[in-house]
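Dumped data.cif below, it's mmCIF, C-alpha atoms:
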data_my_file
loop_
_atom_site.group_PDB
_atom_site.id
_atom_site.type_symbol
_atom_site.label_atom_id
_atom_site.label_comp_id
_atom_site.auth_asym_id
_atom_site.auth_seq_id
_atom_site.Cartn_x
_atom_site.Cartn_y
_atom_site.Cartn_z
ATOM 1 C CA MET A 1 -65.917 31.952 -94.387
ATOM 2 C CA PRO A 2 -63.297 33.894 -96.393
ATOM 3 C CA GLU A 3 -64.338 34.867 -99.912
ATOM 4 C CA GLU A 4 -61.682 32.698 -101.559
ATOM 5 C CA GLU A 5 -62.806 29.663 -99.574
ATOM 6 C CA PHE A 6 -66.431 30.435 -100.429
ATOM 7 C CA ILE A 7 -65.665 30.440 -104.173
ATOM 8 C CA ILE A 8 -63.817 27.115 -103.894
ATOM 9 C CA ASN A 9 -66.632 25.509 -101.867
ATOM 10 C CA VAL A 10 -69.289 26.707 -104.298
ATOM 11 C CA PHE A 11 -67.346 25.467 -107.315
ATOM 12 C CA CYS A 12 -66.679 22.033 -105.781
ATOM 13 C CA LEU A 13 -70.365 21.651 -104.883
ATOM 14 C CA ILE A 14 -71.666 22.806 -108.271
ATOM 15 C CA ASP A 15 -69.113 20.826 -110.280
ATOM 16 C CA ASP A 16 -69.819 17.637 -108.336
ATOM 17 C CA LEU A 17 -73.602 17.941 -108.762
ATOM 18 C CA PHE A 18 -73.233 18.961 -112.414
ATOM 19 C CA LYS A 19 -71.161 15.887 -113.281
ATOM 20 C CA LYS A 20 -73.590 13.547 -111.506
ATOM 21 C CA LEU A 21 -76.677 15.087 -113.096
ATOM 22 C CA PHE A 22 -75.198 15.482 -116.580
ATOM 23 C CA PRO A 23 -72.669 12.681 -117.170
ATOM 24 C CA THR A 24 -72.755 13.216 -120.950
ATOM 25 C CA PRO A 25 -71.777 16.500 -122.666
ATOM 26 C CA LEU A 26 -74.576 19.058 -123.037
ATOM 27 C CA ARG A 27 -73.245 20.221 -126.406
ATOM 28 C CA THR A 28 -72.943 17.874 -129.357
ATOM 29 C CA ARG A 29 -71.551 20.379 -131.868
ATOM 30 C CA GLY A 30 -69.744 23.683 -132.084
ATOM 31 C CA TYR A 31 -66.808 24.959 -130.050
ATOM 32 C CA GLU A 32 -66.559 24.356 -126.335
ATOM 33 C CA PRO A 33 -66.911 27.608 -124.334
ATOM 34 C CA LYS A 34 -63.814 29.109 -122.721
ATOM 35 C CA LEU A 35 -65.262 28.600 -119.249
ATOM 36 C CA SER A 36 -66.841 25.333 -118.148
ATOM 37 C CA ASP A 37 -70.532 25.453 -117.264
ATOM 38 C CA SER A 38 -69.680 24.756 -113.618
ATOM 39 C CA GLU A 39 -67.374 27.779 -113.583
ATOM 40 C CA VAL A 40 -70.033 30.042 -115.098
ATOM 41 C CA ILE A 41 -72.655 28.946 -112.566
ATOM 42 C CA THR A 42 -70.147 29.414 -109.748
ATOM 43 C CA ILE A 43 -69.373 32.957 -110.918
ATOM 44 C CA GLU A 44 -73.079 33.809 -111.015
ATOM 45 C CA ILE A 45 -73.804 32.347 -107.567
ATOM 46 C CA VAL A 46 -70.861 34.077 -105.905
ATOM 47 C CA GLY A 47 -71.726 37.323 -107.693
ATOM 48 C CA GLU A 48 -75.271 37.179 -106.358
ATOM 49 C CA TRP A 49 -74.017 36.594 -102.818
ATOM 50 C CA LEU A 50 -71.683 39.579 -103.089
ATOM 51 C CA GLY A 51 -74.549 41.856 -104.123
ATOM 52 C CA TYR A 52 -73.898 41.977 -107.886
ATOM 53 C CA HIS A 53 -77.265 41.221 -109.468
ATOM 54 C CA LYS A 54 -76.590 42.446 -113.010
ATOM 55 C CA ASP A 55 -74.611 40.367 -115.508
ATOM 56 C CA LYS A 56 -72.386 43.345 -116.278
ATOM 57 C CA ASP A 57 -71.514 43.935 -112.628
ATOM 58 C CA ILE A 58 -70.713 40.248 -112.024
ATOM 59 C CA TRP A 59 -68.472 40.173 -115.101
ATOM 60 C CA LYS A 60 -66.636 43.355 -114.070
ATOM 61 C CA TYR A 61 -66.037 42.112 -110.544
ATOM 62 C CA PHE A 62 -64.568 38.763 -111.555
ATOM 63 C CA ARG A 63 -62.455 40.284 -114.322
ATOM 64 C CA ARG A 64 -61.041 42.743 -111.815
ATOM 65 C CA HIS A 65 -60.452 40.434 -108.843
ATOM 66 C CA TRP A 66 -60.502 36.759 -109.770
ATOM 67 C CA LEU A 67 -58.750 36.272 -113.104
ATOM 68 C CA HIS A 68 -56.225 34.035 -111.329
ATOM 69 C CA PHE A 69 -59.129 31.682 -110.525
ATOM 70 C CA PHE A 70 -60.931 32.080 -113.860
ATOM 71 C CA PRO A 71 -58.303 33.119 -116.447
ATOM 72 C CA ASN A 72 -60.559 32.307 -119.409
ATOM 73 C CA ILE A 73 -63.431 34.681 -118.602
ATOM 74 C CA PRO A 74 -64.877 35.645 -122.022
ATOM 75 C CA ALA A 75 -66.483 38.869 -123.170
ATOM 76 C CA ARG A 76 -69.362 40.096 -121.029
ATOM 77 C CA THR A 77 -72.109 39.198 -123.532
ATOM 78 C CA LYS A 78 -70.764 35.674 -124.024
ATOM 79 C CA LEU A 79 -70.597 35.049 -120.297
ATOM 80 C CA ALA A 80 -74.141 36.369 -119.825
ATOM 81 C CA SER A 81 -75.514 34.292 -122.705
ATOM 82 C CA GLN A 82 -73.829 31.109 -121.523
ATOM 83 C CA GLY A 83 -75.246 31.641 -118.053
ATOM 84 C CA ALA A 84 -78.751 32.335 -119.379
ATOM 85 C CA ASN A 85 -78.648 29.215 -121.556
ATOM 86 C CA LEU A 86 -78.000 27.145 -118.433
ATOM 87 C CA TRP A 87 -81.315 28.062 -116.777
ATOM 88 C CA ALA A 88 -82.640 24.483 -116.951
ATOM 89 C CA VAL A 89 -79.351 23.160 -115.559
ATOM 90 C CA LYS A 90 -79.645 25.499 -112.568
ATOM 91 C CA GLN A 91 -83.188 24.317 -111.949
ATOM 92 C CA LYS A 92 -82.044 20.677 -111.986
ATOM 93 C CA ILE A 93 -79.214 21.415 -109.557
ATOM 94 C CA THR A 94 -81.651 23.253 -107.277
ATOM 95 C CA GLU A 95 -84.013 20.261 -107.359
ATOM 96 C CA ARG A 96 -81.129 17.970 -106.417
ATOM 97 C CA LEU A 97 -80.098 20.202 -103.510
ATOM 98 C CA VAL A 98 -83.706 20.213 -102.285
ATOM 99 C CA GLN A 99 -83.677 16.409 -102.362
ATOM 100 C CA ILE A 100 -80.337 16.186 -100.547
ATOM 101 C CA LEU A 101 -81.600 18.544 -97.847
ATOM 102 C CA GLY A 102 -84.866 16.585 -97.581
ATOM 103 C CA ALA A 103 -87.004 19.693 -98.056
ATOM 104 C CA ASP A 104 -89.318 17.986 -100.538
ATOM 105 C CA ARG A 105 -90.076 15.220 -98.014
ATOM 106 C CA ASP A 106 -90.896 17.563 -95.119
ATOM 107 C CA ASN A 107 -94.303 17.032 -93.510
ATOM 108 C CA VAL A 108 -94.934 20.791 -93.318
ATOM 109 C CA HIS A 109 -94.619 23.313 -96.143
ATOM 110 C CA LEU A 110 -95.414 27.008 -96.429
ATOM 111 C CA ILE A 111 -96.598 28.927 -99.471
ATOM 112 C CA ASP A 112 -96.831 32.611 -100.308
ATOM 113 C CA GLY A 113 -96.526 35.116 -103.136
ATOM 114 C CA PHE A 114 -94.478 38.262 -103.588
ATOM 115 C CA PRO A 115 -94.355 41.087 -106.161
ATOM 116 C CA ILE A 116 -91.646 41.388 -108.820
ATOM 117 C CA GLU A 117 -91.713 44.870 -110.289
ATOM 118 C CA VAL A 118 -90.746 45.308 -113.946
ATOM 119 C CA CYS A 119 -91.149 49.075 -114.120
ATOM 120 C CA LYS A 120 -93.078 51.886 -112.460
ATOM 121 C CA ARG A 121 -96.809 51.765 -113.104
ATOM 122 C CA VAL A 122 -96.806 55.175 -114.807
ATOM 123 C CA ARG A 123 -94.323 53.847 -117.389
ATOM 124 C CA ALA A 124 -96.103 50.534 -118.012
ATOM 125 C CA LYS A 125 -97.900 51.595 -121.205
ATOM 126 C CA ARG A 126 -94.715 53.020 -122.715
ATOM 127 C CA ARG A 127 -92.528 50.034 -121.935
ATOM 128 C CA LYS A 128 -90.646 48.139 -124.642
ATOM 129 C CA ILE A 129 -89.984 45.006 -122.604
ATOM 130 C CA PHE A 130 -92.082 41.866 -122.139
ATOM 131 C CA ASN A 131 -95.489 41.390 -123.728
ATOM 132 C CA ASP A 132 -98.449 39.607 -122.171
ATOM 133 C CA GLU A 133 -96.237 37.998 -119.514
ATOM 134 C CA VAL A 134 -96.689 40.978 -117.184
ATOM 135 C CA ALA A 135 -99.714 42.784 -115.769
ATOM 136 C CA TYR A 136 -100.930 45.177 -113.080
ATOM 137 C CA GLY A 137 -101.203 43.635 -109.645
ATOM 138 C CA TYR A 138 -101.714 44.333 -105.965
ATOM 139 C CA CYS A 139 -99.728 42.993 -103.007
ATOM 140 C CA ALA A 140 -101.997 42.942 -99.938
ATOM 141 C CA SER A 141 -99.212 42.310 -97.409
ATOM 142 C CA LYS A 142 -97.383 45.451 -98.553
ATOM 143 C CA ASP A 143 -100.527 47.371 -99.554
ATOM 144 C CA LYS A 144 -98.778 48.046 -102.836
ATOM 145 C CA LYS A 145 -99.945 48.328 -106.424
ATOM 146 C CA PHE A 146 -97.312 47.324 -108.947
ATOM 147 C CA PHE A 147 -96.692 46.283 -112.541
ATOM 148 C CA GLY A 148 -94.860 43.085 -113.368
ATOM 149 C CA PHE A 149 -94.849 39.500 -112.162
ATOM 150 C CA GLN A 150 -96.085 37.649 -109.146
ATOM 151 C CA GLY A 151 -93.567 35.243 -107.658
ATOM 152 C CA HIS A 152 -94.987 32.136 -105.979
ATOM 153 C CA LEU A 153 -92.748 30.389 -103.471
ATOM 154 C CA LEU A 154 -93.014 27.064 -101.640
ATOM 155 C CA ILE A 155 -90.634 26.350 -98.750
ATOM 156 C CA SER A 156 -90.150 23.584 -96.217
ATOM 157 C CA MET A 157 -90.694 23.980 -92.483
ATOM 158 C CA THR A 158 -86.939 24.480 -92.111
ATOM 159 C CA GLY A 159 -87.025 27.455 -94.505
ATOM 160 C CA ILE A 160 -85.577 25.771 -97.590
ATOM 161 C CA PRO A 161 -87.125 26.929 -100.902
ATOM 162 C CA VAL A 162 -88.593 23.907 -102.691
ATOM 163 C CA SER A 163 -89.951 25.547 -105.820
ATOM 164 C CA LEU A 164 -90.644 28.927 -107.380
ATOM 165 C CA SER A 165 -92.938 29.931 -110.213
ATOM 166 C CA LEU A 166 -93.729 33.183 -112.025
ATOM 167 C CA THR A 167 -97.055 34.438 -113.329
ATOM 168 C CA PRO A 168 -98.402 37.788 -114.486
ATOM 169 C CA ALA A 169 -99.210 39.919 -111.448
ATOM 170 C CA ASN A 170 -102.983 39.593 -111.927
ATOM 171 C CA VAL A 171 -103.084 35.770 -111.750
ATOM 172 C CA ASP A 172 -104.823 34.353 -108.676
ATOM 173 C CA GLU A 173 -102.170 32.883 -106.377
ATOM 174 C CA ARG A 174 -104.439 29.919 -105.644
ATOM 175 C CA ASP A 175 -104.421 28.995 -109.325
ATOM 176 C CA ALA A 176 -100.637 29.304 -109.437
ATOM 177 C CA ALA A 177 -100.255 27.088 -106.368
ATOM 178 C CA TYR A 178 -101.227 23.890 -108.202
ATOM 179 C CA ASP A 179 -97.860 23.716 -109.977
ATOM 180 C CA LEU A 180 -95.992 24.136 -106.681
ATOM 181 C CA ILE A 181 -97.735 21.447 -104.629
ATOM 182 C CA GLU A 182 -97.534 18.550 -107.068
ATOM 183 C CA THR A 183 -94.736 16.747 -105.220
ATOM 184 C CA ILE A 184 -95.581 17.397 -101.562
ATOM 185 C CA ALA A 185 -97.921 15.982 -98.926
ATOM 186 C CA GLY A 186 -98.827 16.784 -95.335
ATOM 187 C CA LEU A 187 -99.572 20.181 -93.817
ATOM 188 C CA LEU A 188 -99.525 23.277 -96.043
ATOM 189 C CA LEU A 189 -99.701 26.728 -94.443
ATOM 190 C CA GLY A 190 -100.804 29.790 -96.389
ATOM 191 C CA ASP A 191 -102.259 33.221 -95.750
ATOM 192 C CA LYS A 192 -105.850 34.399 -96.239
ATOM 193 C CA GLY A 193 -105.263 34.722 -99.973
ATOM 194 C CA TYR A 194 -105.402 30.935 -100.301
ATOM 195 C CA ILE A 195 -108.904 30.632 -98.867
ATOM 196 C CA LYS A 196 -111.031 28.953 -101.521
ATOM 197 C CA PRO A 197 -113.223 25.881 -100.936
ATOM 198 C CA ILE A 198 -112.396 24.211 -104.246
ATOM 199 C CA PHE A 199 -108.653 24.704 -103.702
ATOM 200 C CA LYS A 200 -108.839 23.188 -100.217
ATOM 201 C CA GLU A 201 -110.785 20.221 -101.602
ATOM 202 C CA ASP A 202 -108.227 19.702 -104.343
ATOM 203 C CA CYS A 203 -105.466 19.770 -101.743
ATOM 204 C CA GLU A 204 -107.237 17.179 -99.608
ATOM 205 C CA ALA A 205 -107.628 14.943 -102.653
ATOM 206 C CA VAL A 206 -103.836 14.645 -102.975
ATOM 207 C CA GLY A 207 -103.086 14.284 -99.265
ATOM 208 C CA ILE A 208 -102.439 17.940 -98.407
ATOM 209 C CA ASP A 209 -104.007 19.584 -95.357
ATOM 210 C CA LEU A 210 -104.289 23.287 -96.205
ATOM 211 C CA GLN A 211 -104.495 25.565 -93.172
ATOM 212 C CA THR A 212 -104.870 29.336 -93.282
ATOM 213 C CA PRO A 213 -106.029 32.076 -90.914
ATOM 214 C CA LEU A 214 -109.692 32.859 -91.606
ATOM 215 C CA LYS A 215 -111.269 36.175 -92.465
ATOM 216 C CA LYS A 216 -113.053 38.163 -89.767
ATOM 217 C CA ASN A 217 -116.517 37.268 -91.080
ATOM 218 C CA MET A 218 -115.746 33.521 -91.036
ATOM 219 C CA LYS A 219 -116.354 31.262 -88.041
ATOM 220 C CA ASP A 220 -113.266 29.407 -86.854
ATOM 221 C CA ASN A 221 -113.852 26.191 -84.861
ATOM 222 C CA ARG A 222 -110.175 25.343 -84.567
ATOM 223 C CA PRO A 223 -108.439 25.658 -81.168
ATOM 224 C CA LYS A 224 -107.051 29.169 -80.674
ATOM 225 C CA LYS A 225 -103.636 27.782 -79.746
ATOM 226 C CA PHE A 226 -103.485 25.941 -83.063
ATOM 227 C CA VAL A 227 -104.418 29.063 -85.033
ATOM 228 C CA LYS A 228 -101.797 31.132 -83.212
ATOM 229 C CA LEU A 229 -99.214 28.424 -83.845
ATOM 230 C CA ILE A 230 -99.793 28.208 -87.607
ATOM 231 C CA MET A 231 -99.776 31.997 -87.902
ATOM 232 C CA ARG A 232 -96.469 32.158 -86.073
ATOM 233 C CA VAL A 233 -94.926 29.357 -88.135
ATOM 234 C CA ARG A 234 -96.214 30.843 -91.379
ATOM 235 C CA ARG A 235 -94.142 33.970 -90.802
ATOM 236 C CA ARG A 236 -91.069 31.891 -91.635
ATOM 237 C CA ILE A 237 -91.813 32.204 -95.332
ATOM 238 C CA GLU A 238 -91.925 35.978 -94.932
ATOM 239 C CA THR A 239 -88.405 35.715 -93.520
ATOM 240 C CA VAL A 240 -87.261 33.687 -96.524
ATOM 241 C CA ILE A 241 -88.841 36.112 -99.006
ATOM 242 C CA GLY A 242 -87.263 38.979 -97.084
ATOM 243 C CA GLN A 243 -83.844 37.316 -97.381
ATOM 244 C CA LEU A 244 -84.337 36.675 -101.089
ATOM 245 C CA ALA A 245 -85.160 40.357 -101.500
ATOM 246 C CA HIS A 246 -82.305 41.567 -99.275
ATOM 247 C CA TYR A 247 -79.483 39.356 -100.550
ATOM 248 C CA PHE A 248 -80.608 38.773 -104.146
ATOM 249 C CA ASP A 249 -82.961 41.662 -105.024
ATOM 250 C CA ILE A 250 -85.538 39.107 -106.183
ATOM 251 C CA GLU A 251 -88.398 41.630 -106.151
ATOM 252 C CA HIS A 252 -86.955 43.563 -109.097
ATOM 253 C CA SER A 253 -86.753 42.134 -112.589
ATOM 254 C CA GLY A 254 -83.738 43.740 -114.257
ATOM 255 C CA CYS A 255 -84.546 41.792 -117.451
ATOM 256 C CA ARG A 256 -86.001 42.551 -120.861
ATOM 257 C CA ASN A 257 -87.486 39.176 -121.874
ATOM 258 C CA MET A 258 -88.737 35.903 -120.392
ATOM 259 C CA TRP A 259 -85.616 33.953 -121.339
ATOM 260 C CA ARG A 260 -83.420 36.223 -119.225
ATOM 261 C CA MET A 261 -86.053 36.449 -116.498
ATOM 262 C CA THR A 262 -86.328 32.668 -116.168
ATOM 263 C CA ALA A 263 -82.542 32.342 -116.055
ATOM 264 C CA ARG A 264 -82.168 35.075 -113.456
ATOM 265 C CA MET A 265 -84.797 33.637 -111.125
ATOM 266 C CA ALA A 266 -83.210 30.192 -111.480
ATOM 267 C CA ARG A 267 -79.799 31.478 -110.437
ATOM 268 C CA LYS A 268 -81.176 33.448 -107.477
ATOM 269 C CA LEU A 269 -83.012 30.413 -106.102
ATOM 270 C CA LEU A 270 -79.950 28.228 -106.672
ATOM 271 C CA ALA A 271 -77.709 30.782 -104.946
ATOM 272 C CA TYR A 272 -80.021 30.819 -101.931
ATOM 273 C CA ASN A 273 -80.103 27.027 -101.662
ATOM 274 C CA VAL A 274 -76.326 26.805 -102.038
ATOM 275 C CA GLY A 275 -76.084 29.113 -99.023
ATOM 276 C CA VAL A 276 -78.550 26.908 -97.133
ATOM 277 C CA PHE A 277 -76.536 23.796 -98.014
ATOM 278 C CA LEU A 278 -73.248 25.333 -96.851
ATOM 279 C CA ASN A 279 -74.876 26.430 -93.590
ATOM 280 C CA VAL A 280 -76.312 22.963 -92.934
ATOM 281 C CA GLN A 281 -72.971 21.388 -93.823
ATOM 282 C CA ALA A 282 -71.256 23.667 -91.293
ATOM 283 C CA GLY A 283 -73.805 22.831 -88.594
ATOM 284 C CA LYS A 284 -75.468 26.244 -88.691
ATOM 285 C CA PRO A 285 -79.198 27.138 -88.987
ATOM 286 C CA ALA A 286 -80.380 26.762 -92.585
ATOM 287 C CA ILE A 287 -81.505 30.359 -93.075
ATOM 288 C CA GLN A 288 -78.856 32.286 -91.116
ATOM 289 C CA PHE A 289 -76.662 34.107 -93.644
ATOM 290 C CA GLU A 290 -75.138 37.074 -91.803
ATOM 291 C CA ASN A 291 -71.608 35.630 -91.627
ATOM 292 C CA LEU A 292 -71.638 33.285 -94.613
ATOM 293 C CA ILE A 293 -68.963 35.293 -96.443
ATOM 294 C CA THR A 294 -66.214 37.408 -94.914
ATOM 295 C CA ALA A 295 -63.576 39.522 -96.586
#

Using structure tokens, write down the structure that the file contains.
Amino acid sequence: MPEEEFIINVFCLIDDLFKKLFPTPLRTRGYEPKLSDSEVITIEIVGEWLGYHKDKDIWKYFRRHWLHFFPNIPARTKLASQGANLWAVKQKITERLVQILGADRDNVHLIDGFPIEVCKRVRAKRRKIFNDEVAYGYCASKDKKFFGFQGHLLISMTGIPVSLSLTPANVDERDAAYDLIETIAGLLLGDKGYIKPIFKEDCEAVGIDLQTPLKKNMKDNRPKKFVKLIMRVRRRIETVIGQLAHYFDIEHSGCRNMWRMTARMARKLLAYNVGVFLNVQAGKPAIQFENLITA
């Protein structure tokens, strides 16, 4: 759709959900900001979709091209701070979109991790950003050593992100998975990294059937067709992570502290799910984004 129409659709969606989720004012004292919270979130989402992943770049773009839509855009730092302070709001809106799309009630979910690099490994000891929140890690799928965070993503069978969490890169992804699977049931597909007897037992205890490909030294009594099927289906989460990296640069931090990092991840996940919602609303596949915005 044309860019102008995209901005209007995003704002109408965000403003409608915002008013339903937060019927009372968020602020009880102080001056009201120049831009409404719905406008700020809209600016961030559209900026992400247009390839502007830094607060400064988003601010510059909208000041240059869309002042007739947002005439009260404040100074760059104020816009960035207001957006960062709305991180919990973005998470709530994302949760509501997931519920509307029915992704949390799907009978099949997929789980996987991905690296989020904070800086090059050779610079890690000299860094002045983050503290114990980051660590050295290894991504087996990319055969890559890195320094930063590990992102943990849960999606539905249809490719809709349900939840995302961050941990230091050295945290076992099976330990991080517990926070992601609290609200789901049914079949859960993961890679070999999720093989752990106690984790599988814990999943079974809450009604989750964890299925993964087995290692070469492990005997597999499951039908070969079933194993091939789950391996083929599981690749869908790799597609979603690839799209998050391609459209939103989710594998690079670009932040200096956890407050900004949490806010930035929240807006990227919300931006993705807004795109999914608009596709579904238009009768298109949920994760097909090539022609979502046109000039």

Q: Let me know the residues the PyMOL selection byres ((chain A and resi 33-46) around 8) catches in the file above, as a PyMOL selection string.
A: chain A and resi 6-7+10-11+14-15+18+31-32+47-50+58+62+70+72-74+79+82-83+86+90+267-268+270-271

Q: Would you mind telling me which residue in A:Pro25, A:Gly283, A:Pro168, A:Pro115 lies nearest to Asp132 (chain A) when using all atoms listed in the file?
A: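 Going through A:Pro25, A:Gly283, A:Pro168, A:Pro115 one by one, the smallest distance to Asp132 (chain A) is for A:Pro168.
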
Non-local contacts of region 134-150 of chain A (7 Å; only C-alpha atoms; under 3 positions in same chain excluded) as a PDB file with C-alpha atoms, keeping the file's coordinate frame:
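Dumped to selection_23.pdb:
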ATOM      1  CA  GLY A 113     -96.526  35.116-103.136  1.00  0.00           C
ATOM      2  CA  PHE A 114     -94.478  38.262-103.588  1.00  0.00           C
ATOM      3  CA  PRO A 115     -94.355  41.087-106.161  1.00  0.00           C
ATOM      4  CA  ILE A 116     -91.646  41.388-108.820  1.00  0.00           C
ATOM      5  CA  GLU A 117     -91.713  44.870-110.289  1.00  0.00           C
ATOM      6  CA  VAL A 118     -90.746  45.308-113.946  1.00  0.00           C
ATOM      7  CA  CYS A 119     -91.149  49.075-114.120  1.00  0.00           C
ATOM      8  CA  LYS A 120     -93.078  51.886-112.460  1.00  0.00           C
ATOM      9  CA  ARG A 121     -96.809  51.765-113.104  1.00  0.00           C
ATOM     10  CA  ALA A 124     -96.103  50.534-118.012  1.00  0.00           C
ATOM     11  CA  PHE A 130     -92.082  41.866-122.139  1.00  0.00           C
ATOM     12  CA  ASN A 131     -95.489  41.390-123.728  1.00  0.00           C
ATOM     13  CA  LEU A 166     -93.729  33.183-112.025  1.00  0.00           C
ATOM     14  CA  THR A 167     -97.055  34.438-113.329  1.00  0.00           C
ATOM     15  CA  PRO A 168     -98.402  37.788-114.486  1.00  0.00           C
ATOM     16  CA  ALA A 169     -99.210  39.919-111.448  1.00  0.00           C
ATOM     17  CA  ASN A 170    -102.983  39.593-111.927  1.00  0.00           C
TER      18      ASN A 170
END

Q | Selection: 12 Å around Arg232 (chain A), all atoms listed in the file, excl. self and same-chain fewer than 6 positions, as a PyMOL selection string | A | chain A and resi 110+157+189-191+212-213+225-226+238-239

File dump, residues just selected, C-alpha atoms, as a PDB file, in the coordinates of the input:
ATOM      1  CA  LEU A 110     -95.414  27.008 -96.429  1.00  0.00           C
ATOM      2  CA  MET A 157     -90.694  23.980 -92.483  1.00  0.00           C
ATOM      3  CA  LEU A 189     -99.701  26.728 -94.443  1.00  0.00           C
ATOM      4  CA  GLY A 190    -100.804  29.790 -96.389  1.00  0.00           C
ATOM      5  CA  ASP A 191    -102.259  33.221 -95.750  1.00  0.00           C
ATOM      6  CA  THR A 212    -104.870  29.336 -93.282  1.00  0.00           C
ATOM      7  CA  PRO A 213    -106.029  32.076 -90.914  1.00  0.00           C
ATOM      8  CA  LYS A 225    -103.636  27.782 -79.746  1.00  0.00           C
ATOM      9  CA  PHE A 226    -103.485  25.941 -83.063  1.00  0.00           C
ATOM     10  CA  GLU A 238     -91.925  35.978 -94.932  1.00  0.00           C
ATOM     11  CA  THR A 239     -88.405  35.715 -93.520  1.00  0.00           C
TER      12      THR A 239
END

Q. Which one is closest to Glu204 (chain A): A:Thr94, A:Leu188, A:Ser81, A:Met218? Count all atoms listed in the file.
A. A:Leu188

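Here CA of Met258 (chain A) and CA of Gln243 (chain A) stand 23.6 Å from one another.
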
Q) Could you pull the residues within 8 Å of Leu214 (chain A), counting only C-alpha atoms, minus those fewer than 4 positions along the same chain, as a list in words? A) Lys192, Ile195, Met218, Lys219 and Asp220 of chain A

Q | Shortest interatomic distance to Ile250 (chain A) - which of A:Cys12, A:Leu67, A:Glu201, A:His152, counting only C-alpha atoms | A | A:His152

**Q.** Selection near Asn85 (chain A), 9 Å with all atoms listed in the file, sequence-local residues under 3 positions removed, as an MDAnalysis selection string
**A.** chainID A and resid 80:82 88:89 259:260 263

Q.
Suppose a student applies the PyMOL selection byres ((chain A and resi 174-184) around 12) to this structure; what residues should they get, written as a VMD selection string?
A. chain A and resid 95 98 to 99 102 to 113 150 to 156 161 to 173 185 to 200 202 to 210

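Among the candidates A:Val233, A:Val276, A:Ala245, A:Ile8, the one nearest to Trp66 (chain A) when counting all atoms listed in the file is A:Ile8.
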
Q | Point-to-point distance in Å for CA of Leu101 (chain A) and CA of Gly159 (chain A) | A | 11.0 Å

Build an axis-aligned box that encloses every atom of region 102-119 of chain A listed in the file, pad it by 6 Å on each side, and report its centre and edge lengths in Å to one decimal, as AutoDock Vina command-line options.
--center_x -90.8 --center_y 32.1 --center_z -103.7 --size_x 24.0 --size_y 45.9 --size_z 32.8

Q | Gap from CA of Lys228 (chain A) to CA of Ile241 (chain A) - Å, one decimal | A |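 These two atoms are separated by 21.0 Å.
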
Q. Using only C-alpha atoms, which of A:Asp249, A:Leu17, A:Thr77, A:Arg256 sits nearest Ile100 (chain A)?
A.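 That would be A:Leu17, the residue with the smallest distance to Ile100 (chain A).
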
Q) Near region 54-57 of chain A, counting all atoms listed in the file, which residues have an atom at most 8 Å away, once you skip same-chain residues fewer than 3 positions from it, shown as a PyMOL selection string? A) chain A and resi 60-61+76+80+254
